[in-house]
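Peer 1: Structure incoming, see below.
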Amino acid sequence: MIPDILIPLITIGLAEFGDKTQLSILLLSSKTRKHLHLLLGIMLAFLVVDGIAVLLGSWITGIIPLIFLKISSGLVFIIFGILILKDNEWKNEVKLYSKNSFLSGFILIFITEWGDKTQIASGIFATRYNALMVLIGTITALTLLSAMAIYLGKFLSDRVDKKLMAKIAGILFILMGIFFITI
């Protein structure tokens, strides 16, 4: 039960740390004083997007043989790890603005996270671990990172090497992929 929460929490947390989503949240937070509203909108969007991924991931295990899911899940993680390691572009763009912080946060995350590596990872984790625990771990990681981006974003963006974090996340995804295939 603990690994069902901790593995998604750590992996999603590292993969999302310094990601374009967090940088976008940081920029969006600089446009408002209603940080709690912004965080609530962001978290609702993450809950919807990642909740759907977890539901689909846990549902699919009853249809597709487990060995095929293990191999395909492992390959997806390895591919994402390679893509993360290759991606050196860090875009600091936020294209959505609204006078409503809750709505801005919700729309930003809801639109940009479909098909994102962390959403797909959440679904993949749900094929292997307890779906509710995966959702708890994923949402906890995303909540913590979003709060950091909102409240401490400027401080962190000046002091954390985003490329190093991307390398760590990429390597972790590759290792998770190898783990899924071999175990």
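FYI, nothing fancy with the structure tokens labels: chains A, B, ... in order, residues from 1 per chain, ligands from 1 as they appear.
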Determine, counting only C-alpha atoms, which protein, DNA and RNA residues have an atom within 12 Å of an atom of Leu40 in chain A; residues of the same chain fewer than 2 positions away are not included. Present the result as a ChimeraX atom specification.

Peer 2: /A:34-38,42-47,100-107,109,142-143,146-147,150

Peer 1: Print the selection's residues with C-alpha atoms to a file, as an mmCIF file, in the first residue's frame.

Peer 2:
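Generated file (result.cif):
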```
data_model
loop_
_atom_site.group_PDB
_atom_site.id
_atom_site.type_symbol
_atom_site.label_atom_id
_atom_site.label_comp_id
_atom_site.auth_asym_id
_atom_site.auth_seq_id
_atom_site.Cartn_x
_atom_site.Cartn_y
_atom_site.Cartn_z
ATOM 1 C CA LYS A 34 -5.635 35.198 -5.138
ATOM 2 C CA HIS A 35 -3.151 32.370 -4.798
ATOM 3 C CA LEU A 36 -5.503 30.005 -2.983
ATOM 4 C CA HIS A 37 -8.115 30.354 -5.738
ATOM 5 C CA LEU A 38 -5.434 29.669 -8.314
ATOM 6 C CA ILE A 42 -5.169 23.944 -10.684
ATOM 7 C CA MET A 43 -5.831 21.037 -8.349
ATOM 8 C CA LEU A 44 -9.358 20.492 -9.659
ATOM 9 C CA ALA A 45 -7.982 20.274 -13.184
ATOM 10 C CA PHE A 46 -5.244 17.840 -12.117
ATOM 11 C CA LEU A 47 -7.842 15.737 -10.294
ATOM 12 C CA ASN A 100 -10.739 34.800 -12.255
ATOM 13 C CA SER A 101 -7.692 33.033 -10.751
ATOM 14 C CA PHE A 102 -9.569 29.771 -10.176
ATOM 15 C CA LEU A 103 -10.731 29.646 -13.792
ATOM 16 C CA SER A 104 -7.310 30.611 -15.158
ATOM 17 C CA GLY A 105 -5.607 27.837 -13.205
ATOM 18 C CA PHE A 106 -8.235 25.271 -14.124
ATOM 19 C CA ILE A 107 -8.180 26.080 -17.852
ATOM 20 C CA ILE A 109 -3.951 22.755 -16.480
ATOM 21 C CA LEU A 142 1.142 17.778 -8.064
ATOM 22 C CA THR A 143 -0.357 19.743 -5.166
ATOM 23 C CA SER A 146 1.953 23.607 -7.622
ATOM 24 C CA ALA A 147 1.979 25.226 -4.188
ATOM 25 C CA ILE A 150 2.771 29.579 -6.630
#
```

Peer 1: Please report the interatomic distance between CA of Gly74 in chain A and CA of Phe180 in chain A in Å with one decimal.

Peer 2: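 Answer for the CA of Gly74 in chain A to CA of Phe180 in chain A separation: 4.9 Å.
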
Peer 1: Given only C-alpha atoms as the basis, pick out the residue of A:Ile124, A:Ala15, A:Leu164, A:Ile111 nearest to Ile71 in chain A.

Peer 2: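 The closest residue to Ile71 in chain A is A:Ile124.
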
Peer 1: Do you know which residues are at most 12 Å from Leu145 in chain A counting only C-alpha atoms, after dropping those on the same chain fewer than 2 positions away, and could you put them as JSON, numbers by chain?

Peer 2: {"A": [9, 10, 12, 13, 14, 15, 16, 17, 18, 19, 21, 22, 23, 25, 26, 39, 42, 43, 46, 138, 139, 140, 141, 142, 143, 147, 148, 149, 150, 151, 152, 153, 156]}

Peer 1: Using only C-alpha atoms, which protein or nucleic acid residues come within 12 Å of Ile2 in chain A? Drop anything in the same chain fewer than 5 positions from it, and give the result as a compact mmCIF listing (two decimals) with C-alpha atoms, in the first residue's frame.

Peer 2:
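And here is the file that came out, selection.txt:
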```txt
# COMPACT_ATOMS: atom_id res chain seq x y z
CA ILE A 7 6.30 5.44 -6.18
CA PRO A 8 3.83 7.66 -8.09
CA LEU A 9 4.43 10.55 -5.66
CA ILE A 10 8.22 10.50 -6.12
CA TYR A 129 -0.75 -0.47 -8.27
CA ASN A 130 -3.96 0.31 -6.40
CA LEU A 132 -6.91 5.07 -5.48
CA MET A 133 -3.44 5.06 -3.91
CA VAL A 134 -1.89 6.06 -7.25
CA ILE A 136 -3.52 10.04 -3.96
CA GLY A 137 0.23 9.90 -4.64
```

Peer 1: I'd like the interatomic distance between CA of Ala131 in chain A and CA of Ser58 in chain A, to a tenth of an Å.

Peer 2: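 Interatomic distance here is 6.0 Å.
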
Peer 1: Find, counting only C-alpha atoms, the residue in A:Val76, A:Ile183, A:Thr127, A:Leu85 that gets nearest to Ile63 in chain A.

Peer 2: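 Among the listed residues, A:Thr127 lies closest to Ile63 in chain A.
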
Peer 1: If DSSP is run on the backbone, what residues of range 22-75 of chain A are alpha helix (DSSP H)? A reply as a PDB file with N, CA and C atoms, in the first residue's frame would be ideal.

Peer 2:
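Output (result.pdb):
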```
ATOM      1  N   GLN A  22       4.720  23.656 -14.341  1.00  0.00           N
ATOM      2  CA  GLN A  22       5.082  24.363 -13.118  1.00  0.00           C
ATOM      3  C   GLN A  22       5.583  25.771 -13.424  1.00  0.00           C
ATOM      4  N   LEU A  23       6.321  25.919 -14.513  1.00  0.00           N
ATOM      5  CA  LEU A  23       6.776  27.250 -14.900  1.00  0.00           C
ATOM      6  C   LEU A  23       5.597  28.133 -15.295  1.00  0.00           C
ATOM      7  N   SER A  24       4.612  27.536 -15.956  1.00  0.00           N
ATOM      8  CA  SER A  24       3.409  28.289 -16.317  1.00  0.00           C
ATOM      9  C   SER A  24       2.627  28.711 -15.083  1.00  0.00           C
ATOM     10  N   ILE A  25       2.536  27.820 -14.111  1.00  0.00           N
ATOM     11  CA  ILE A  25       1.853  28.147 -12.851  1.00  0.00           C
ATOM     12  C   ILE A  25       2.590  29.277 -12.148  1.00  0.00           C
ATOM     13  N   LEU A  26       3.904  29.210 -12.150  1.00  0.00           N
ATOM     14  CA  LEU A  26       4.709  30.276 -11.546  1.00  0.00           C
ATOM     15  C   LEU A  26       4.374  31.620 -12.188  1.00  0.00           C
ATOM     16  N   LEU A  27       4.339  31.652 -13.515  1.00  0.00           N
ATOM     17  CA  LEU A  27       4.030  32.904 -14.207  1.00  0.00           C
ATOM     18  C   LEU A  27       2.601  33.360 -13.936  1.00  0.00           C
ATOM     19  N   LEU A  28       1.686  32.428 -13.949  1.00  0.00           N
ATOM     20  CA  LEU A  28       0.291  32.774 -13.691  1.00  0.00           C
ATOM     21  C   LEU A  28       0.119  33.314 -12.276  1.00  0.00           C
ATOM     22  N   SER A  29       0.862  32.758 -11.334  1.00  0.00           N
ATOM     23  CA  SER A  29       0.750  33.228  -9.949  1.00  0.00           C
ATOM     24  C   SER A  29       1.264  34.657  -9.794  1.00  0.00           C
ATOM     25  N   HIS A  35      -3.927  33.597  -4.618  1.00  0.00           N
ATOM     26  CA  HIS A  35      -3.151  32.370  -4.798  1.00  0.00           C
ATOM     27  C   HIS A  35      -3.920  31.113  -4.406  1.00  0.00           C
ATOM     28  N   LEU A  36      -4.733  31.182  -3.380  1.00  0.00           N
ATOM     29  CA  LEU A  36      -5.503  30.005  -2.983  1.00  0.00           C
ATOM     30  C   LEU A  36      -6.516  29.633  -4.064  1.00  0.00           C
ATOM     31  N   HIS A  37      -7.168  30.624  -4.644  1.00  0.00           N
ATOM     32  CA  HIS A  37      -8.115  30.354  -5.738  1.00  0.00           C
ATOM     33  C   HIS A  37      -7.394  29.708  -6.916  1.00  0.00           C
ATOM     34  N   LEU A  38      -6.226  30.222  -7.225  1.00  0.00           N
ATOM     35  CA  LEU A  38      -5.434  29.669  -8.314  1.00  0.00           C
ATOM     36  C   LEU A  38      -5.076  28.207  -8.027  1.00  0.00           C
ATOM     37  N   LEU A  39      -4.594  27.945  -6.822  1.00  0.00           N
ATOM     38  CA  LEU A  39      -4.229  26.569  -6.451  1.00  0.00           C
ATOM     39  C   LEU A  39      -5.433  25.631  -6.522  1.00  0.00           C
ATOM     40  N   LEU A  40      -6.584  26.076  -6.063  1.00  0.00           N
ATOM     41  CA  LEU A  40      -7.787  25.228  -6.111  1.00  0.00           C
ATOM     42  C   LEU A  40      -8.202  24.918  -7.548  1.00  0.00           C
ATOM     43  N   GLY A  41      -8.122  25.883  -8.427  1.00  0.00           N
ATOM     44  CA  GLY A  41      -8.440  25.645  -9.838  1.00  0.00           C
ATOM     45  C   GLY A  41      -7.472  24.668 -10.479  1.00  0.00           C
ATOM     46  N   ILE A  42      -6.202  24.833 -10.159  1.00  0.00           N
ATOM     47  CA  ILE A  42      -5.169  23.944 -10.684  1.00  0.00           C
ATOM     48  C   ILE A  42      -5.395  22.517 -10.194  1.00  0.00           C
ATOM     49  N   MET A  43      -5.676  22.378  -8.905  1.00  0.00           N
ATOM     50  CA  MET A  43      -5.831  21.037  -8.349  1.00  0.00           C
ATOM     51  C   MET A  43      -7.088  20.349  -8.862  1.00  0.00           C
ATOM     52  N   LEU A  44      -8.157  21.099  -9.082  1.00  0.00           N
ATOM     53  CA  LEU A  44      -9.358  20.492  -9.659  1.00  0.00           C
ATOM     54  C   LEU A  44      -9.059  19.963 -11.057  1.00  0.00           C
ATOM     55  N   ALA A  45      -8.334  20.722 -11.832  1.00  0.00           N
ATOM     56  CA  ALA A  45      -7.982  20.274 -13.184  1.00  0.00           C
ATOM     57  C   ALA A  45      -7.096  19.033 -13.136  1.00  0.00           C
ATOM     58  N   PHE A  46      -6.092  19.030 -12.257  1.00  0.00           N
ATOM     59  CA  PHE A  46      -5.244  17.840 -12.117  1.00  0.00           C
ATOM     60  C   PHE A  46      -6.070  16.636 -11.693  1.00  0.00           C
ATOM     61  N   LEU A  47      -7.003  16.837 -10.768  1.00  0.00           N
ATOM     62  CA  LEU A  47      -7.842  15.737 -10.294  1.00  0.00           C
ATOM     63  C   LEU A  47      -8.674  15.154 -11.434  1.00  0.00           C
ATOM     64  N   VAL A  48      -9.228  16.012 -12.284  1.00  0.00           N
ATOM     65  CA  VAL A  48     -10.028  15.537 -13.416  1.00  0.00           C
ATOM     66  C   VAL A  48      -9.149  14.805 -14.429  1.00  0.00           C
ATOM     67  N   VAL A  49      -8.078  15.453 -14.859  1.00  0.00           N
ATOM     68  CA  VAL A  49      -7.226  14.889 -15.913  1.00  0.00           C
ATOM     69  C   VAL A  49      -6.534  13.602 -15.448  1.00  0.00           C
ATOM     70  N   ASP A  50      -5.907  13.645 -14.276  1.00  0.00           N
ATOM     71  CA  ASP A  50      -5.203  12.460 -13.792  1.00  0.00           C
ATOM     72  C   ASP A  50      -6.172  11.413 -13.252  1.00  0.00           C
ATOM     73  N   GLY A  51      -7.306  11.839 -12.741  1.00  0.00           N
ATOM     74  CA  GLY A  51      -8.331  10.898 -12.287  1.00  0.00           C
ATOM     75  C   GLY A  51      -8.830  10.041 -13.440  1.00  0.00           C
ATOM     76  N   ILE A  52      -9.058  10.663 -14.581  1.00  0.00           N
ATOM     77  CA  ILE A  52      -9.487   9.915 -15.771  1.00  0.00           C
ATOM     78  C   ILE A  52      -8.396   8.939 -16.196  1.00  0.00           C
ATOM     79  N   ALA A  53      -7.137   9.382 -16.165  1.00  0.00           N
ATOM     80  CA  ALA A  53      -6.026   8.497 -16.547  1.00  0.00           C
ATOM     81  C   ALA A  53      -5.939   7.297 -15.611  1.00  0.00           C
ATOM     82  N   VAL A  54      -6.101   7.527 -14.316  1.00  0.00           N
ATOM     83  CA  VAL A  54      -6.034   6.432 -13.338  1.00  0.00           C
ATOM     84  C   VAL A  54      -7.204   5.477 -13.529  1.00  0.00           C
ATOM     85  N   LEU A  55      -8.392   6.005 -13.754  1.00  0.00           N
ATOM     86  CA  LEU A  55      -9.552   5.137 -13.993  1.00  0.00           C
ATOM     87  C   LEU A  55      -9.348   4.262 -15.219  1.00  0.00           C
ATOM     88  N   LEU A  56      -8.883   4.864 -16.294  1.00  0.00           N
ATOM     89  CA  LEU A  56      -8.640   4.087 -17.514  1.00  0.00           C
ATOM     90  C   LEU A  56      -7.529   3.054 -17.297  1.00  0.00           C
ATOM     91  N   GLY A  57      -6.490   3.450 -16.561  1.00  0.00           N
ATOM     92  CA  GLY A  57      -5.394   2.526 -16.291  1.00  0.00           C
ATOM     93  C   GLY A  57      -5.829   1.325 -15.477  1.00  0.00           C
ATOM     94  N   SER A  58      -6.663   1.557 -14.462  1.00  0.00           N
ATOM     95  CA  SER A  58      -7.110   0.429 -13.632  1.00  0.00           C
ATOM     96  C   SER A  58      -8.144  -0.419 -14.367  1.00  0.00           C
ATOM     97  N   TRP A  59      -8.942   0.169 -15.222  1.00  0.00           N
ATOM     98  CA  TRP A  59      -9.977  -0.546 -15.982  1.00  0.00           C
ATOM     99  C   TRP A  59      -9.354  -1.461 -17.033  1.00  0.00           C
ATOM    100  N   ILE A  60      -8.300  -0.978 -17.662  1.00  0.00           N
ATOM    101  CA  ILE A  60      -7.707  -1.717 -18.773  1.00  0.00           C
ATOM    102  C   ILE A  60      -7.052  -3.025 -18.322  1.00  0.00           C
ATOM    103  N   LEU A  66      -1.821  -9.079 -18.361  1.00  0.00           N
ATOM    104  CA  LEU A  66      -0.882  -8.344 -17.521  1.00  0.00           C
ATOM    105  C   LEU A  66       0.523  -8.301 -18.113  1.00  0.00           C
ATOM    106  N   ILE A  67       0.976  -9.366 -18.737  1.00  0.00           N
ATOM    107  CA  ILE A  67       2.328  -9.389 -19.295  1.00  0.00           C
ATOM    108  C   ILE A  67       2.478  -8.339 -20.393  1.00  0.00           C
ATOM    109  N   PHE A  68       1.450  -8.192 -21.223  1.00  0.00           N
ATOM    110  CA  PHE A  68       1.490  -7.180 -22.277  1.00  0.00           C
ATOM    111  C   PHE A  68       1.510  -5.784 -21.671  1.00  0.00           C
ATOM    112  N   LEU A  69       0.729  -5.575 -20.611  1.00  0.00           N
ATOM    113  CA  LEU A  69       0.706  -4.267 -19.938  1.00  0.00           C
ATOM    114  C   LEU A  69       2.055  -3.950 -19.312  1.00  0.00           C
ATOM    115  N   LYS A  70       2.695  -4.961 -18.712  1.00  0.00           N
ATOM    116  CA  LYS A  70       4.001  -4.737 -18.102  1.00  0.00           C
ATOM    117  C   LYS A  70       5.023  -4.302 -19.143  1.00  0.00           C
ATOM    118  N   ILE A  71       5.064  -4.998 -20.243  1.00  0.00           N
ATOM    119  CA  ILE A  71       6.043  -4.676 -21.287  1.00  0.00           C
ATOM    120  C   ILE A  71       5.740  -3.326 -21.914  1.00  0.00           C
ATOM    121  N   SER A  72       4.481  -3.088 -22.278  1.00  0.00           N
ATOM    122  CA  SER A  72       4.145  -1.807 -22.909  1.00  0.00           C
ATOM    123  C   SER A  72       4.314  -0.645 -21.935  1.00  0.00           C
ATOM    124  N   SER A  73       3.978  -0.845 -20.671  1.00  0.00           N
ATOM    125  CA  SER A  73       4.174   0.198 -19.668  1.00  0.00           C
ATOM    126  C   SER A  73       5.650   0.512 -19.516  1.00  0.00           C
ATOM    127  N   GLY A  74       6.453  -0.507 -19.439  1.00  0.00           N
ATOM    128  CA  GLY A  74       7.894  -0.307 -19.321  1.00  0.00           C
ATOM    129  C   GLY A  74       8.461   0.444 -20.508  1.00  0.00           C
ATOM    130  N   LEU A  75       8.027   0.065 -21.703  1.00  0.00           N
ATOM    131  CA  LEU A  75       8.505   0.754 -22.907  1.00  0.00           C
ATOM    132  C   LEU A  75       8.072   2.213 -22.934  1.00  0.00           C
TER     133      LEU A  75
END
```

Peer 1: Point out the residue among A:Ile181, A:Lys86, A:Pro3, A:Pro65 with the least atom-to-atom distance to Lys163 in chain A, counting only C-alpha atoms.

Peer 2: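 Residue with the minimum atom-to-atom distance to Lys163 in chain A: A:Lys86.
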
Peer 1: List as a list of chain:residue names the protein and nucleic acid residues near Gly170 in chain A, meaning an atom at most 7 Å away when only C-alpha atoms are counted, but skip any in the same chain fewer than 2 places from it.

Peer 2: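 Within the cut-off, the hits are A:Gly81, A:Ile82, A:Ile84, A:Leu85, A:Ala166, A:Lys167, A:Ile168, A:Leu172, A:Phe173, A:Ile174.
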
Peer 1: Rounded to one decimal place, report the CA of Thr118 in chain A-CA of Leu83 in chain A distance in Å.

Peer 2: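 Going from CA of Thr118 in chain A over to CA of Leu83 in chain A, I get 12.8 Å.
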